[in-house]
$ cat upload_35.cif   # mmCIF, C-alpha atoms and all ligand atoms
data_protein
loop_
_atom_site.label_atom_id
_atom_site.label_comp_id
_atom_site.auth_asym_id
_atom_site.auth_seq_id
_atom_site.Cartn_x
_atom_site.Cartn_y
_atom_site.Cartn_z
CA MET A 1 -36.06 -23.42 -31.88
CA ASN A 2 -39.30 -21.70 -30.92
CA ASN A 3 -41.10 -20.81 -34.14
CA ASN A 4 -43.22 -17.99 -32.81
CA ASP A 5 -40.48 -15.86 -31.33
CA PRO A 6 -38.45 -13.53 -33.55
CA ALA A 7 -34.74 -13.65 -34.13
CA VAL A 8 -33.09 -10.68 -32.44
CA VAL A 9 -30.13 -8.87 -33.98
CA ILE A 10 -28.13 -6.72 -31.54
CA GLY A 11 -26.39 -3.84 -33.32
CA CYS A 12 -27.07 -1.76 -36.42
CA GLY A 13 -23.62 -1.55 -37.99
CA PRO A 14 -22.61 -3.18 -41.30
CA TYR A 15 -22.89 -6.70 -39.85
CA GLY A 16 -26.20 -6.34 -38.03
CA LEU A 17 -27.78 -4.63 -41.04
CA SER A 18 -26.51 -7.29 -43.47
CA VAL A 19 -27.73 -10.18 -41.28
CA ALA A 20 -31.13 -8.51 -40.72
CA ALA A 21 -31.52 -7.83 -44.46
CA HIS A 22 -30.99 -11.53 -45.18
CA LEU A 23 -33.25 -12.80 -42.38
CA GLN A 24 -36.11 -10.48 -43.32
CA ALA A 25 -35.83 -11.28 -47.04
CA ARG A 26 -36.17 -14.96 -46.11
CA GLY A 27 -39.41 -14.16 -44.25
CA ILE A 28 -37.96 -14.89 -40.81
CA PRO A 29 -39.49 -12.60 -38.15
CA THR A 30 -36.57 -10.45 -37.04
CA ILE A 31 -36.09 -7.45 -34.79
CA ILE A 32 -32.90 -5.40 -35.01
CA PHE A 33 -31.91 -3.15 -32.11
CA GLY A 34 -29.51 -0.20 -32.02
CA LYS A 35 -28.80 3.08 -33.79
CA PRO A 36 -27.87 2.78 -37.48
CA MET A 37 -24.12 3.12 -38.17
CA GLU A 38 -23.60 4.69 -34.74
CA PHE A 39 -19.97 3.57 -34.32
CA TRP A 40 -19.02 5.14 -37.65
CA ALA A 41 -20.87 8.37 -36.86
CA LYS A 42 -18.54 8.87 -33.87
CA MET A 43 -15.34 8.72 -35.94
CA PRO A 44 -13.47 11.94 -36.94
CA PRO A 45 -15.74 13.49 -39.62
CA LYS A 46 -12.86 14.23 -41.99
CA MET A 47 -11.46 10.71 -41.73
CA TYR A 48 -10.82 8.52 -44.78
CA LEU A 49 -11.26 4.77 -44.87
CA LYS A 50 -8.35 2.37 -45.19
CA SER A 51 -10.46 -0.05 -47.25
CA PHE A 52 -10.95 0.41 -50.94
CA TRP A 53 -14.28 1.12 -52.64
CA SER A 54 -14.51 -2.54 -53.78
CA ALA A 55 -14.53 -3.74 -50.15
CA LEU A 56 -17.17 -1.45 -48.67
CA SER A 57 -20.55 -2.85 -49.73
CA LEU A 58 -23.07 -4.04 -47.19
CA TYR A 59 -25.04 -7.13 -48.17
CA ASP A 60 -28.65 -7.77 -49.06
CA PRO A 61 -29.44 -11.13 -50.69
CA ASP A 62 -29.98 -9.70 -54.19
CA GLY A 63 -27.13 -7.19 -54.10
CA LYS A 64 -29.63 -4.42 -54.88
CA TYR A 65 -28.14 -2.07 -52.31
CA SER A 66 -24.43 -2.32 -53.05
CA LEU A 67 -22.11 0.69 -52.85
CA LYS A 68 -22.05 0.73 -56.64
CA ASN A 69 -25.85 0.98 -56.80
CA TYR A 70 -25.78 3.72 -54.16
CA SER A 71 -23.38 5.64 -56.32
CA LEU A 72 -25.63 5.14 -59.39
CA ALA A 73 -28.78 6.11 -57.46
CA THR A 74 -27.34 9.22 -55.85
CA GLY A 75 -24.74 10.39 -58.35
CA ILE A 76 -21.99 10.17 -55.73
CA THR A 77 -18.91 9.17 -57.68
CA LYS A 78 -16.34 6.55 -56.74
CA GLN A 79 -13.57 8.07 -54.63
CA GLU A 80 -10.25 6.64 -53.40
CA PRO A 81 -9.58 6.96 -50.53
CA VAL A 82 -13.23 6.74 -49.53
CA PRO A 83 -14.26 9.63 -47.25
CA LEU A 84 -16.00 8.60 -44.03
CA GLN A 85 -18.98 10.80 -44.93
CA THR A 86 -19.51 8.90 -48.20
CA PHE A 87 -19.49 5.56 -46.40
CA LEU A 88 -21.78 6.86 -43.64
CA GLY A 89 -24.24 8.18 -46.23
CA TYR A 90 -24.15 4.80 -47.96
CA GLY A 91 -24.68 2.85 -44.70
CA ARG A 92 -27.75 4.93 -43.87
CA TRP A 93 -29.12 4.54 -47.42
CA PHE A 94 -28.65 0.77 -47.16
CA GLN A 95 -30.50 0.74 -43.83
CA GLN A 96 -33.41 2.84 -45.16
CA HIS A 97 -33.85 0.55 -48.18
CA ALA A 98 -32.86 -2.93 -46.99
CA VAL A 99 -33.80 -2.78 -43.28
CA PRO A 100 -36.28 0.10 -42.90
CA ASP A 101 -37.71 -1.06 -39.57
CA ILE A 102 -35.24 -0.69 -36.76
CA ASP A 103 -35.93 -0.47 -33.06
CA GLN A 104 -33.48 2.23 -32.01
CA THR A 105 -33.16 0.99 -28.44
CA TYR A 106 -30.20 -0.65 -26.76
CA VAL A 107 -30.39 -4.18 -25.47
CA LYS A 108 -29.76 -4.14 -21.73
CA MET A 109 -29.75 -7.85 -20.92
CA VAL A 110 -30.16 -11.21 -22.61
CA THR A 111 -31.07 -14.18 -20.43
CA ALA A 112 -32.13 -17.74 -21.29
CA ASP A 113 -34.45 -20.27 -19.67
CA GLY A 114 -33.34 -23.30 -21.65
CA LYS A 115 -36.13 -23.01 -24.26
CA ARG A 116 -35.91 -19.42 -25.46
CA TYR A 117 -34.11 -16.15 -24.86
CA HIS A 118 -35.47 -13.16 -22.94
CA VAL A 119 -34.38 -9.72 -24.09
CA GLU A 120 -34.61 -6.74 -21.77
CA LEU A 121 -34.34 -3.31 -23.39
CA GLU A 122 -32.89 -0.05 -22.04
CA ASP A 123 -36.32 1.61 -22.25
CA GLY A 124 -37.93 -0.96 -19.94
CA ARG A 125 -39.62 -3.15 -22.58
CA SER A 126 -38.85 -6.85 -22.79
CA MET A 127 -39.50 -9.64 -25.27
CA LYS A 128 -38.82 -13.27 -26.08
CA ALA A 129 -36.45 -14.39 -28.82
CA SER A 130 -35.77 -17.66 -30.64
CA ALA A 131 -32.20 -16.69 -31.59
CA ILE A 132 -29.71 -13.98 -30.65
CA ILE A 133 -27.32 -12.56 -33.23
CA VAL A 134 -24.59 -10.48 -31.60
CA ALA A 135 -23.49 -7.78 -34.06
CA ALA A 136 -22.30 -5.32 -31.42
CA GLY A 137 -19.01 -4.37 -33.09
CA VAL A 138 -15.72 -3.59 -31.37
CA ALA A 139 -16.40 -0.50 -29.24
CA ALA A 140 -16.61 -2.60 -26.06
CA LEU A 141 -13.42 -4.45 -27.05
CA ALA A 142 -11.01 -1.48 -27.00
CA HIS A 143 -7.61 -2.66 -25.78
CA ILE A 144 -6.07 -0.56 -22.97
CA PRO A 145 -2.43 -1.59 -22.32
CA GLN A 146 -1.46 -2.37 -18.75
CA PHE A 147 0.62 0.80 -18.30
CA ALA A 148 -2.44 2.99 -18.93
CA THR A 149 -5.14 1.19 -16.95
CA HIS A 150 -4.63 3.32 -13.82
CA LEU A 151 -4.38 6.72 -15.60
CA PRO A 152 -7.33 9.15 -15.44
CA THR A 153 -9.20 9.78 -18.73
CA GLU A 154 -7.83 13.36 -18.90
CA MET A 155 -4.37 11.82 -19.28
CA ALA A 156 -4.98 8.76 -21.44
CA SER A 157 -7.75 7.74 -23.81
CA HIS A 158 -8.34 5.17 -26.54
CA SER A 159 -8.29 6.52 -30.10
CA GLN A 160 -11.96 5.59 -30.51
CA GLU A 161 -12.88 8.27 -27.95
CA HIS A 162 -11.97 11.07 -30.37
CA SER A 163 -13.83 12.51 -33.29
CA ASP A 164 -12.31 15.98 -32.90
CA PHE A 165 -8.75 16.72 -31.81
CA SER A 166 -9.07 20.54 -31.67
CA ALA A 167 -8.97 20.53 -27.83
CA PHE A 168 -5.34 19.33 -28.11
CA ARG A 169 -4.14 22.45 -29.91
CA GLY A 170 -0.79 23.50 -28.40
CA LYS A 171 -0.69 20.40 -26.16
CA ARG A 172 1.98 17.74 -26.06
CA VAL A 173 0.48 14.40 -27.02
CA VAL A 174 1.99 10.94 -27.48
CA VAL A 175 0.16 8.45 -29.72
CA ILE A 176 0.86 4.77 -29.00
CA GLY A 177 0.62 2.24 -31.83
CA SER A 178 1.45 1.73 -35.50
CA GLY A 179 -1.85 0.70 -37.09
CA GLN A 180 -4.12 2.88 -39.19
CA SER A 181 -5.98 4.35 -36.16
CA ALA A 182 -2.73 5.36 -34.43
CA LEU A 183 -1.22 6.84 -37.60
CA GLU A 184 -4.39 8.68 -38.60
CA SER A 185 -4.81 10.02 -35.02
CA ALA A 186 -1.21 11.31 -35.21
CA ALA A 187 -1.95 13.05 -38.54
CA LEU A 188 -5.18 14.61 -37.24
CA LEU A 189 -3.47 15.76 -34.01
CA HIS A 190 -0.66 17.38 -36.00
CA GLU A 191 -3.21 19.07 -38.26
CA ALA A 192 -5.04 20.30 -35.12
CA GLN A 193 -1.70 21.93 -34.11
CA ALA A 194 -0.87 19.60 -31.26
CA GLU A 195 2.79 18.78 -30.60
CA VAL A 196 2.57 15.07 -31.33
CA GLU A 197 4.97 12.10 -31.24
CA LEU A 198 4.13 8.53 -32.23
CA ILE A 199 5.65 5.68 -30.22
CA ALA A 200 5.39 2.13 -31.58
CA ARG A 201 6.65 -1.15 -30.19
CA GLY A 202 7.25 -2.44 -33.74
CA PRO A 203 8.27 -0.79 -37.01
CA VAL A 204 5.95 1.65 -38.76
CA ARG A 205 4.93 0.11 -42.09
CA TRP A 206 3.14 1.67 -45.03
CA ILE A 207 1.02 -0.31 -47.48
CA GLN A 208 2.74 -0.17 -50.89
CA ARG A 209 0.47 -2.12 -53.27
CA THR A 210 3.29 -1.95 -55.81
CA LEU A 211 1.76 -4.77 -57.91
CA TYR A 212 -1.53 -2.87 -58.20
CA LYS A 213 -0.22 0.07 -60.16
CA GLY A 214 -0.28 -0.25 -63.94
CA MET A 215 -1.73 -3.78 -63.90
CA GLY A 216 -5.13 -2.91 -65.40
CA PRO A 217 -7.60 -5.82 -65.17
CA LEU A 218 -4.71 -8.14 -64.20
CA LYS A 219 -4.59 -6.48 -60.79
CA ARG A 220 -7.31 -8.88 -59.61
CA VAL A 221 -4.79 -11.71 -59.94
CA PHE A 222 -2.85 -10.15 -57.09
CA TYR A 223 -5.62 -8.31 -55.24
CA PRO A 224 -9.10 -9.84 -54.67
CA PRO A 225 -11.89 -7.28 -54.18
CA SER A 226 -11.87 -7.99 -50.41
CA ASP A 227 -8.30 -6.67 -50.31
CA VAL A 228 -7.29 -7.76 -46.80
CA GLY A 229 -3.63 -8.77 -46.44
CA PRO A 230 -0.60 -8.72 -48.76
CA PRO A 231 -0.61 -10.50 -52.17
CA GLY A 232 -0.87 -14.27 -51.73
CA VAL A 233 -2.20 -14.12 -48.18
CA ASN A 234 -5.09 -11.92 -49.38
CA TRP A 235 -6.50 -14.77 -51.51
CA LEU A 236 -6.06 -17.33 -48.70
CA VAL A 237 -8.15 -15.24 -46.32
CA ALA A 238 -10.69 -14.00 -48.91
CA ASN A 239 -13.10 -16.94 -48.51
CA GLN A 240 -14.14 -17.23 -44.87
CA MET A 241 -15.81 -20.64 -45.33
CA LEU A 242 -12.58 -22.03 -46.75
CA PHE A 243 -10.44 -20.25 -44.14
CA ARG A 244 -12.27 -21.98 -41.28
CA ARG A 245 -11.14 -25.36 -42.61
CA PHE A 246 -7.43 -24.58 -42.18
CA PRO A 247 -5.71 -26.00 -39.07
CA THR A 248 -5.66 -23.63 -36.08
CA GLU A 249 -1.93 -22.81 -36.40
CA THR A 250 -2.34 -21.96 -40.10
CA ARG A 251 -5.34 -19.75 -39.37
CA GLN A 252 -3.47 -17.90 -36.66
CA ALA A 253 -0.38 -17.38 -38.82
CA LEU A 254 -2.44 -16.13 -41.78
CA ASP A 255 -4.45 -13.85 -39.52
CA ALA A 256 -1.35 -12.29 -37.96
CA ARG A 257 0.23 -11.71 -41.39
CA ALA A 258 -2.94 -10.35 -42.99
CA VAL A 259 -3.64 -7.66 -40.41
CA ARG A 260 -0.11 -6.65 -39.45
CA PRO A 261 -0.26 -3.02 -38.25
CA SER A 262 0.29 -0.63 -41.16
CA GLY A 263 -0.85 2.67 -42.59
CA ALA A 264 -2.63 3.38 -45.87
CA ARG A 265 -0.50 4.74 -48.68
CA TRP A 266 -2.49 7.98 -48.91
CA LEU A 267 -1.85 8.68 -45.20
CA ARG A 268 1.94 8.52 -45.48
CA PRO A 269 2.53 12.13 -46.71
CA ARG A 270 0.61 13.39 -43.68
CA VAL A 271 2.80 11.52 -41.16
CA ASP A 272 6.15 10.38 -42.58
CA GLY A 273 8.77 13.10 -41.96
CA ILE A 274 6.11 15.30 -40.34
CA VAL A 275 5.29 13.60 -37.05
CA PRO A 276 8.30 12.43 -34.96
CA ILE A 277 8.19 8.62 -34.76
CA THR A 278 9.95 6.47 -32.18
CA GLN A 279 9.83 2.86 -33.37
CA GLN A 280 10.70 -0.49 -31.76
CA THR A 281 10.14 1.07 -28.36
CA THR A 282 7.67 0.13 -25.65
CA VAL A 283 6.23 2.12 -22.78
CA ILE A 284 7.43 0.56 -19.52
CA ASP A 285 5.70 2.89 -17.12
CA ALA A 286 3.34 5.86 -17.14
CA LYS A 287 2.45 7.93 -14.11
CA PRO A 288 0.78 11.24 -13.37
CA HIS A 289 3.17 14.11 -12.58
CA GLY A 290 1.18 17.18 -11.63
CA GLU A 291 -1.15 17.85 -14.57
CA GLN A 292 1.05 15.90 -16.94
CA VAL A 293 1.85 12.28 -17.50
CA GLN A 294 5.41 10.97 -17.37
CA LEU A 295 6.41 8.05 -19.60
CA ALA A 296 9.41 5.75 -19.16
CA LEU A 297 10.39 4.01 -22.41
CA SER A 298 12.29 0.79 -23.11
CA ASP A 299 15.17 2.75 -24.73
CA GLY A 300 15.87 4.43 -21.37
CA SER A 301 14.38 7.80 -22.38
CA THR A 302 11.42 9.57 -20.76
CA ARG A 303 8.64 11.86 -21.97
CA GLU A 304 6.41 14.30 -20.15
CA VAL A 305 3.20 15.03 -22.05
CA ASP A 306 -0.31 16.36 -21.55
CA HIS A 307 -2.07 13.31 -22.95
CA ILE A 308 -1.62 9.80 -24.34
CA VAL A 309 -3.82 8.62 -27.22
CA LEU A 310 -3.93 4.82 -27.30
CA GLY A 311 -4.14 3.59 -30.88
CA THR A 312 -3.82 0.11 -29.45
CA GLY A 313 -6.64 -1.60 -31.24
CA TYR A 314 -9.19 -4.11 -30.07
CA ALA A 315 -9.16 -7.57 -28.48
CA ALA A 316 -12.02 -10.05 -28.75
CA ASN A 317 -13.55 -10.90 -25.39
CA VAL A 318 -16.98 -12.47 -24.91
CA HIS A 319 -17.12 -11.09 -21.37
CA ALA A 320 -16.91 -7.49 -22.64
CA PHE A 321 -20.50 -7.94 -23.84
CA ASN A 322 -22.06 -7.57 -20.44
CA PHE A 323 -25.52 -7.24 -21.98
CA ILE A 324 -25.39 -11.04 -22.23
CA ASP A 325 -26.10 -12.68 -18.89
CA LYS A 326 -22.93 -14.06 -17.29
CA THR A 327 -24.36 -17.55 -16.99
CA ILE A 328 -24.74 -17.59 -20.81
CA ARG A 329 -21.28 -16.05 -21.40
CA ASP A 330 -19.72 -18.68 -19.12
CA GLN A 331 -21.16 -21.43 -21.35
CA VAL A 332 -19.65 -20.00 -24.54
CA GLN A 333 -16.53 -22.01 -25.45
CA THR A 334 -13.75 -19.55 -26.21
CA HIS A 335 -10.17 -19.32 -27.37
CA ASN A 336 -8.32 -16.29 -25.97
CA GLY A 337 -11.62 -14.46 -25.53
CA SER A 338 -13.01 -15.28 -29.00
CA PRO A 339 -15.98 -17.63 -29.21
CA ASN A 340 -15.34 -20.92 -30.99
CA LEU A 341 -18.03 -20.96 -33.69
CA ASN A 342 -19.44 -23.66 -35.95
CA GLU A 343 -19.96 -23.22 -39.68
CA TRP A 344 -23.20 -21.30 -38.98
CA PHE A 345 -21.42 -18.66 -36.84
CA GLU A 346 -23.20 -20.26 -33.89
CA SER A 347 -21.42 -20.52 -30.53
CA SER A 348 -21.47 -23.53 -28.23
CA VAL A 349 -24.68 -22.03 -26.79
CA PRO A 350 -27.46 -23.05 -29.20
CA HIS A 351 -28.91 -20.23 -31.33
CA LEU A 352 -26.45 -17.65 -29.97
CA TYR A 353 -24.51 -16.32 -32.97
CA PHE A 354 -21.54 -13.95 -33.16
CA THR A 355 -20.51 -11.77 -36.10
CA GLY A 356 -17.78 -9.26 -36.95
CA ALA A 357 -14.45 -9.26 -35.13
CA MET A 358 -15.82 -11.80 -32.64
CA ALA A 359 -15.88 -14.43 -35.40
CA GLY A 360 -12.22 -13.92 -36.34
CA TYR A 361 -10.82 -17.00 -34.55
CA ASN A 362 -12.71 -19.33 -36.92
CA PHE A 363 -13.40 -17.17 -39.97
CA GLY A 364 -10.27 -15.03 -40.17
CA PRO A 365 -9.24 -11.43 -40.66
CA LEU A 366 -12.06 -10.49 -43.07
CA CYS A 367 -14.34 -10.49 -40.02
CA ARG A 368 -12.70 -7.26 -38.83
CA PHE A 369 -13.78 -5.47 -41.98
CA VAL A 370 -17.07 -4.54 -43.61
CA VAL A 371 -16.29 -6.92 -46.47
CA GLY A 372 -16.61 -9.91 -44.13
CA ALA A 373 -20.34 -9.39 -43.50
CA LYS A 374 -21.64 -11.56 -46.36
CA ALA A 375 -20.70 -14.99 -44.96
CA PRO A 376 -22.37 -14.53 -41.53
CA ALA A 377 -25.47 -12.97 -43.15
CA ARG A 378 -25.89 -16.02 -45.40
CA GLN A 379 -24.90 -18.72 -42.94
CA ILE A 380 -26.92 -17.46 -39.98
CA THR A 381 -30.00 -17.02 -42.18
CA ARG A 382 -29.67 -20.53 -43.63
CA HIS A 383 -29.26 -22.03 -40.19
CA ILE A 384 -32.18 -20.22 -38.58
CA ALA A 385 -34.43 -21.03 -41.58
CA ARG A 386 -33.44 -24.69 -41.29
CA GLU A 387 -33.96 -24.77 -37.51
CA LYS A 388 -37.38 -23.12 -37.81
CA ALA A 389 -38.42 -25.67 -40.45
CA ARG A 390 -37.54 -28.66 -38.24
C1 LIG A 401 -10.98 4.25 -36.87
C2 LIG A 401 -11.48 3.00 -37.54
C3 LIG A 401 -11.40 2.89 -38.92
C4 LIG A 401 -11.89 1.76 -39.56
N1 LIG A 401 -11.78 1.68 -40.91
C5 LIG A 401 -12.27 0.59 -41.55
C6 LIG A 401 -12.22 0.49 -42.97
O1 LIG A 401 -11.66 1.34 -43.66
N2 LIG A 401 -12.76 -0.60 -43.55
C7 LIG A 401 -13.39 -1.60 -42.84
O2 LIG A 401 -13.89 -2.54 -43.45
N3 LIG A 401 -13.42 -1.54 -41.49
C8 LIG A 401 -12.87 -0.48 -40.84
N4 LIG A 401 -12.92 -0.42 -39.47
C9 LIG A 401 -13.44 -1.57 -38.73
C10 LIG A 401 -14.94 -1.40 -38.52
O3 LIG A 401 -15.17 -1.07 -37.19
C11 LIG A 401 -15.65 -2.66 -38.86
O4 LIG A 401 -15.36 -3.09 -40.17
C12 LIG A 401 -17.18 -2.52 -38.84
O5 LIG A 401 -17.63 -1.45 -38.05
C13 LIG A 401 -17.72 -3.77 -38.33
O6 LIG A 401 -19.12 -3.67 -38.35
P1 LIG A 401 -19.98 -4.20 -37.11
O7 LIG A 401 -21.39 -4.18 -37.58
O8 LIG A 401 -19.41 -5.46 -36.60
O9 LIG A 401 -19.71 -3.15 -35.95
P2 LIG A 401 -20.17 -1.64 -35.72
O10 LIG A 401 -20.12 -0.86 -36.97
O11 LIG A 401 -19.37 -1.15 -34.58
O12 LIG A 401 -21.69 -1.76 -35.28
C14 LIG A 401 -22.04 -2.34 -34.05
C15 LIG A 401 -23.20 -1.57 -33.50
O13 LIG A 401 -23.77 -2.28 -32.40
C16 LIG A 401 -24.27 -1.34 -31.49
N5 LIG A 401 -24.45 -1.95 -30.18
C17 LIG A 401 -23.51 -2.38 -29.32
N6 LIG A 401 -24.09 -2.87 -28.20
C18 LIG A 401 -25.43 -2.77 -28.38
C19 LIG A 401 -26.55 -3.10 -27.56
N7 LIG A 401 -26.41 -3.64 -26.34
N8 LIG A 401 -27.79 -2.84 -28.05
C20 LIG A 401 -27.95 -2.30 -29.29
N9 LIG A 401 -26.92 -1.96 -30.09
C21 LIG A 401 -25.67 -2.19 -29.63
C22 LIG A 401 -23.23 -0.25 -31.50
O14 LIG A 401 -23.76 0.97 -31.03
C23 LIG A 401 -22.84 -0.20 -32.98
O15 LIG A 401 -23.56 0.79 -33.66
C24 LIG A 401 -12.44 0.70 -38.80
C25 LIG A 401 -12.51 0.80 -37.41
C26 LIG A 401 -12.03 1.94 -36.78
C27 LIG A 401 -12.12 2.03 -35.28
#
$ encode --input "upload_35.cif" --output "structure tokens" --more "lines below"
Ligand SMILES: Cc1cc2nc3c(=O)[nH]c(=O)nc-3n(C[C@H](O)[C@H](O)[C@H](O)COP(=O)(O)OP(=O)(O)OC[C@H]3O[C@@H](n4cnc5c(N)ncnc54)[C@H](O)[C@@H]3O)c2cc1C
Amino acid sequence: MNNNDPAVVIGCGPYGLSVAAHLQARGIPTIIFGKPMEFWAKMPPKMYLKSFWSALSLYDPDGKYSLKNYSLATGITKQEPVPLQTFLGYGRWFQQHAVPDIDQTYVKMVTADGKRYHVELEDGRSMKASAIIVAAGVAALAHIPQFATHLPTEMASHSQEHSDFSAFRGKRVVVIGSGQSALESAALLHEAQAEVELIARGPVRWIQRTLYKGMGPLKRVFYPPSDVGPPGVNWLVANQMLFRRFPTETRQALDARAVRPSGARWLRPRVDGIVPITQQTTVIDAKPHGEQVQLALSDGSTREVDHIVLGTGYAANVHAFNFIDKTIRDQVQTHNGSPNLNEWFESSVPHLYFTGAMAGYNFGPLCRFVVGAKAPARQITRHIAREKAR
């Protein structure tokens, strides 16, 4: 590793900020690119988070800038569910204190010459880098199902495109999916006075947390603070360094069980019995019909609506990050689009690291949540410090 060149972190969300906070505290020259908490700032302003307060801290090495300390410093009290605005305020506070120097430019292209990386920025500047940490989140990974790929954006859009549903007032809208984004989009559309129906290929499930209620301190026996997955599974996925040691089949089974599509308990009264739900039904075909879109469903029925909102989630895919030169992406060993990472979150390309949802194949479902940011922050920092000292 070239000692004089900085490590470059791409992305200023919870993962990029946590990694940069660790690298800088260790004295490793680091530059972080992007706009702080930008992905979260584009979400519906009145949204609530599915995660609990205990699972929403970003990480600096000393834990000085935890959500708890934000609440003590600002007087903002603990709330459940956590409003988006509270979390956004916290993320920005963390950035200002733990990672005050950010270069708010986008990375346009990363290339390599065998010795070091070259980073080209959107504003025309360029620089050399000793390591690249990809913390670019999931926005580029939005999953568009086959039936919708040919529809114009006026007729179909991914749920992440919407922060305000007021333009759908009086319109007929179908939401596809049964995860939190689909269910919350359906609630927000209904509240914006759209005529909305939710169609899901599986059952619609609501998180119960029955063991949590009335347990007092004992609740931690059933629910670790990370709180991803149902009781039992939640402890098995809570330690990412342990999770990566499980055989591939075990990891995949635990992952699928831990992040089964479901809605938060507090969301249920806004959807259940209020928004029509068609479960266990898939969309077979969708085609424009005048200004509307016509859907053919697996139960033989049809729908004609003004718009389809795709709450269809995200799928890891190294090639979606086209700011990394294709010759580098082609060298990254992958499994179904996810990079295969070593214990340092490093890909098969030396000193190219991946964080967040892109690390899920090896490190499990925590990587899709804020709470998973501690392990990559620590591991990547240790590895780069070790490599620089060699
Ligand atoms: C509707 C919704 C609700 C969610 N609710 C929760 C929740 O309750 N709890 C939870 O833990 N998780 C939740 N998540 C998941 C959440 O997205 C992740 O936990 C979290 O954002 C991961 O952080 P990150 O840093 O990997 O990604 P992000 O927060 O997406 O940050 C990545 C950043 O990288 C930037 N970037 C991308 N490309 C470049 C580039 N070329 N140059 C510079 N910058 C770039 C992006 O602009 C973005 O700001 C939710 C997701 C959605 C969509």
$ closest_atom_pairs --input "upload_35.cif" --of "segment 308-367 of chain A" --to "segment 190-205 of chain A" --cutoff "12 Å" --atoms "only C-alpha atoms" --output "Markdown table"
| residue | atom | partner | partner_atom | distance |
| --- | --- | --- | --- | --- |
| A:Ile308 | CA | A:Val196 | CA | 9.7 |
| A:Val309 | CA | A:Leu198 | CA | 9.4 |
| A:Leu310 | CA | A:Ile199 | CA | 10.1 |
| A:Gly311 | CA | A:Ala200 | CA | 9.7 |
| A:Thr312 | CA | A:Ala200 | CA | 9.7 |
$ closest_residue --input "upload_35.cif" --among "A:Trp266, A:Tyr223, A:Trp206, A:Phe39" --to "Pro81 of chain A" --atoms "all atoms listed in the file"
A:Trp266
$ residues_near_point --input "upload_35.cif" --point "(-14.9, -10.9, -49.0)" --cutoff "8 Å" --atoms "all atoms listed in the file" --output "MDAnalysis selection string"
chainID A and resid 55 225:227 238:240 366 371:374
$ residues_near_ligand --input "upload_35.cif" --ligand "ligand LIG 401 (chain A)" --cutoff "7 Å" --atoms "all atoms listed in the file" --output "PyMOL selection string"
chain A and resi 10-16+33-40+43+49-51+55-56+105-108+135-139+160+181+323+355-357+368-371
$ residues_around --input "upload_35.cif" --residues "segment 347-354 of chain A" --least-positions-apart "6" --cutoff "8 Å" --atoms "all atoms listed in the file" --output "compact mmCIF listing (two decimals) with C-alpha atoms, in the frame of the given file"
# COMPACT_ATOMS: atom_id res chain seq x y z
CA MET A 1 -36.06 -23.42 -31.88
CA SER A 130 -35.77 -17.66 -30.64
CA ALA A 131 -32.20 -16.69 -31.59
CA ILE A 132 -29.71 -13.98 -30.65
CA ILE A 133 -27.32 -12.56 -33.23
CA VAL A 134 -24.59 -10.48 -31.60
CA ALA A 135 -23.49 -7.78 -34.06
CA ILE A 328 -24.74 -17.59 -20.81
CA GLN A 331 -21.16 -21.43 -21.35
CA VAL A 332 -19.65 -20.00 -24.54
CA GLN A 333 -16.53 -22.01 -25.45
CA PRO A 339 -15.98 -17.63 -29.21
CA ASN A 340 -15.34 -20.92 -30.99
CA LEU A 341 -18.03 -20.96 -33.69
CA ILE A 380 -26.92 -17.46 -39.98
CA ILE A 384 -32.18 -20.22 -38.58
$ residues_around --input "upload_35.cif" --residues "segment 91-101 of chain A" --least-positions-apart "2" --cutoff "7 Å" --atoms "all atoms listed in the file" --output "number ranges by chain"
A: 17, 20-21, 36-37, 60, 65, 87-89, 103
$ closest_residue --input "upload_35.cif" --among "A:Val233, A:Leu267, A:Leu121, A:Val19" --to "Arg251 of chain A" --atoms "all atoms listed in the file"
A:Val233
$ axis_aligned_box --input "upload_35.cif" --around "segment 169-178 of chain A" --padding-each-side "3 Å" --output "lines of an AutoDock Vina configuration file"
center_x = -1.1
center_y = 12.6
center_z = -30.8
size_x = 12.1
size_y = 27.8
size_z = 15.4
$ residues_near_point --input "upload_35.cif" --point "(-29.0, -17.0, -43.3)" --cutoff "10 Å" --atoms "all atoms listed in the file" --output "PyMOL selection string"
chain A and resi 19-26+28+61+344+374-386
$ closest_residue --input "upload_35.cif" --among "A:Leu254, A:Met127, A:Ala182, A:Ile102" --to "Asn362 of chain A" --atoms "only C-alpha atoms"
A:Leu254
$ atom_distance --input "upload_35.cif" --atom1 "atom CA of His162 of chain A" --atom2 "atom CA of His307 of chain A"
12.6 Å
$ atom_distance --input "upload_35.cif" --atom1 "atom CA of Asn322 of chain A" --atom2 "atom CA of Pro29 of chain A"
25.4 Å
$ residues_around --input "upload_35.cif" --residues "Pro152 of chain A" --least-positions-apart "4" --cutoff "12 Å" --atoms "only C-alpha atoms" --output "ChimeraX atom specification"
/A:147-148,156-158,286-289,291-293,306-308
$ atom_distance --input "upload_35.cif" --atom1 "atom CA of Gly27 of chain A" --atom2 "atom CA of Val8 of chain A"
13.8 Å
$ closest_residue --input "upload_35.cif" --among "A:Leu58, A:Glu154, A:Asp5, A:Pro45" --to "Lys115 of chain A" --atoms "all atoms listed in the file"
A:Asp5
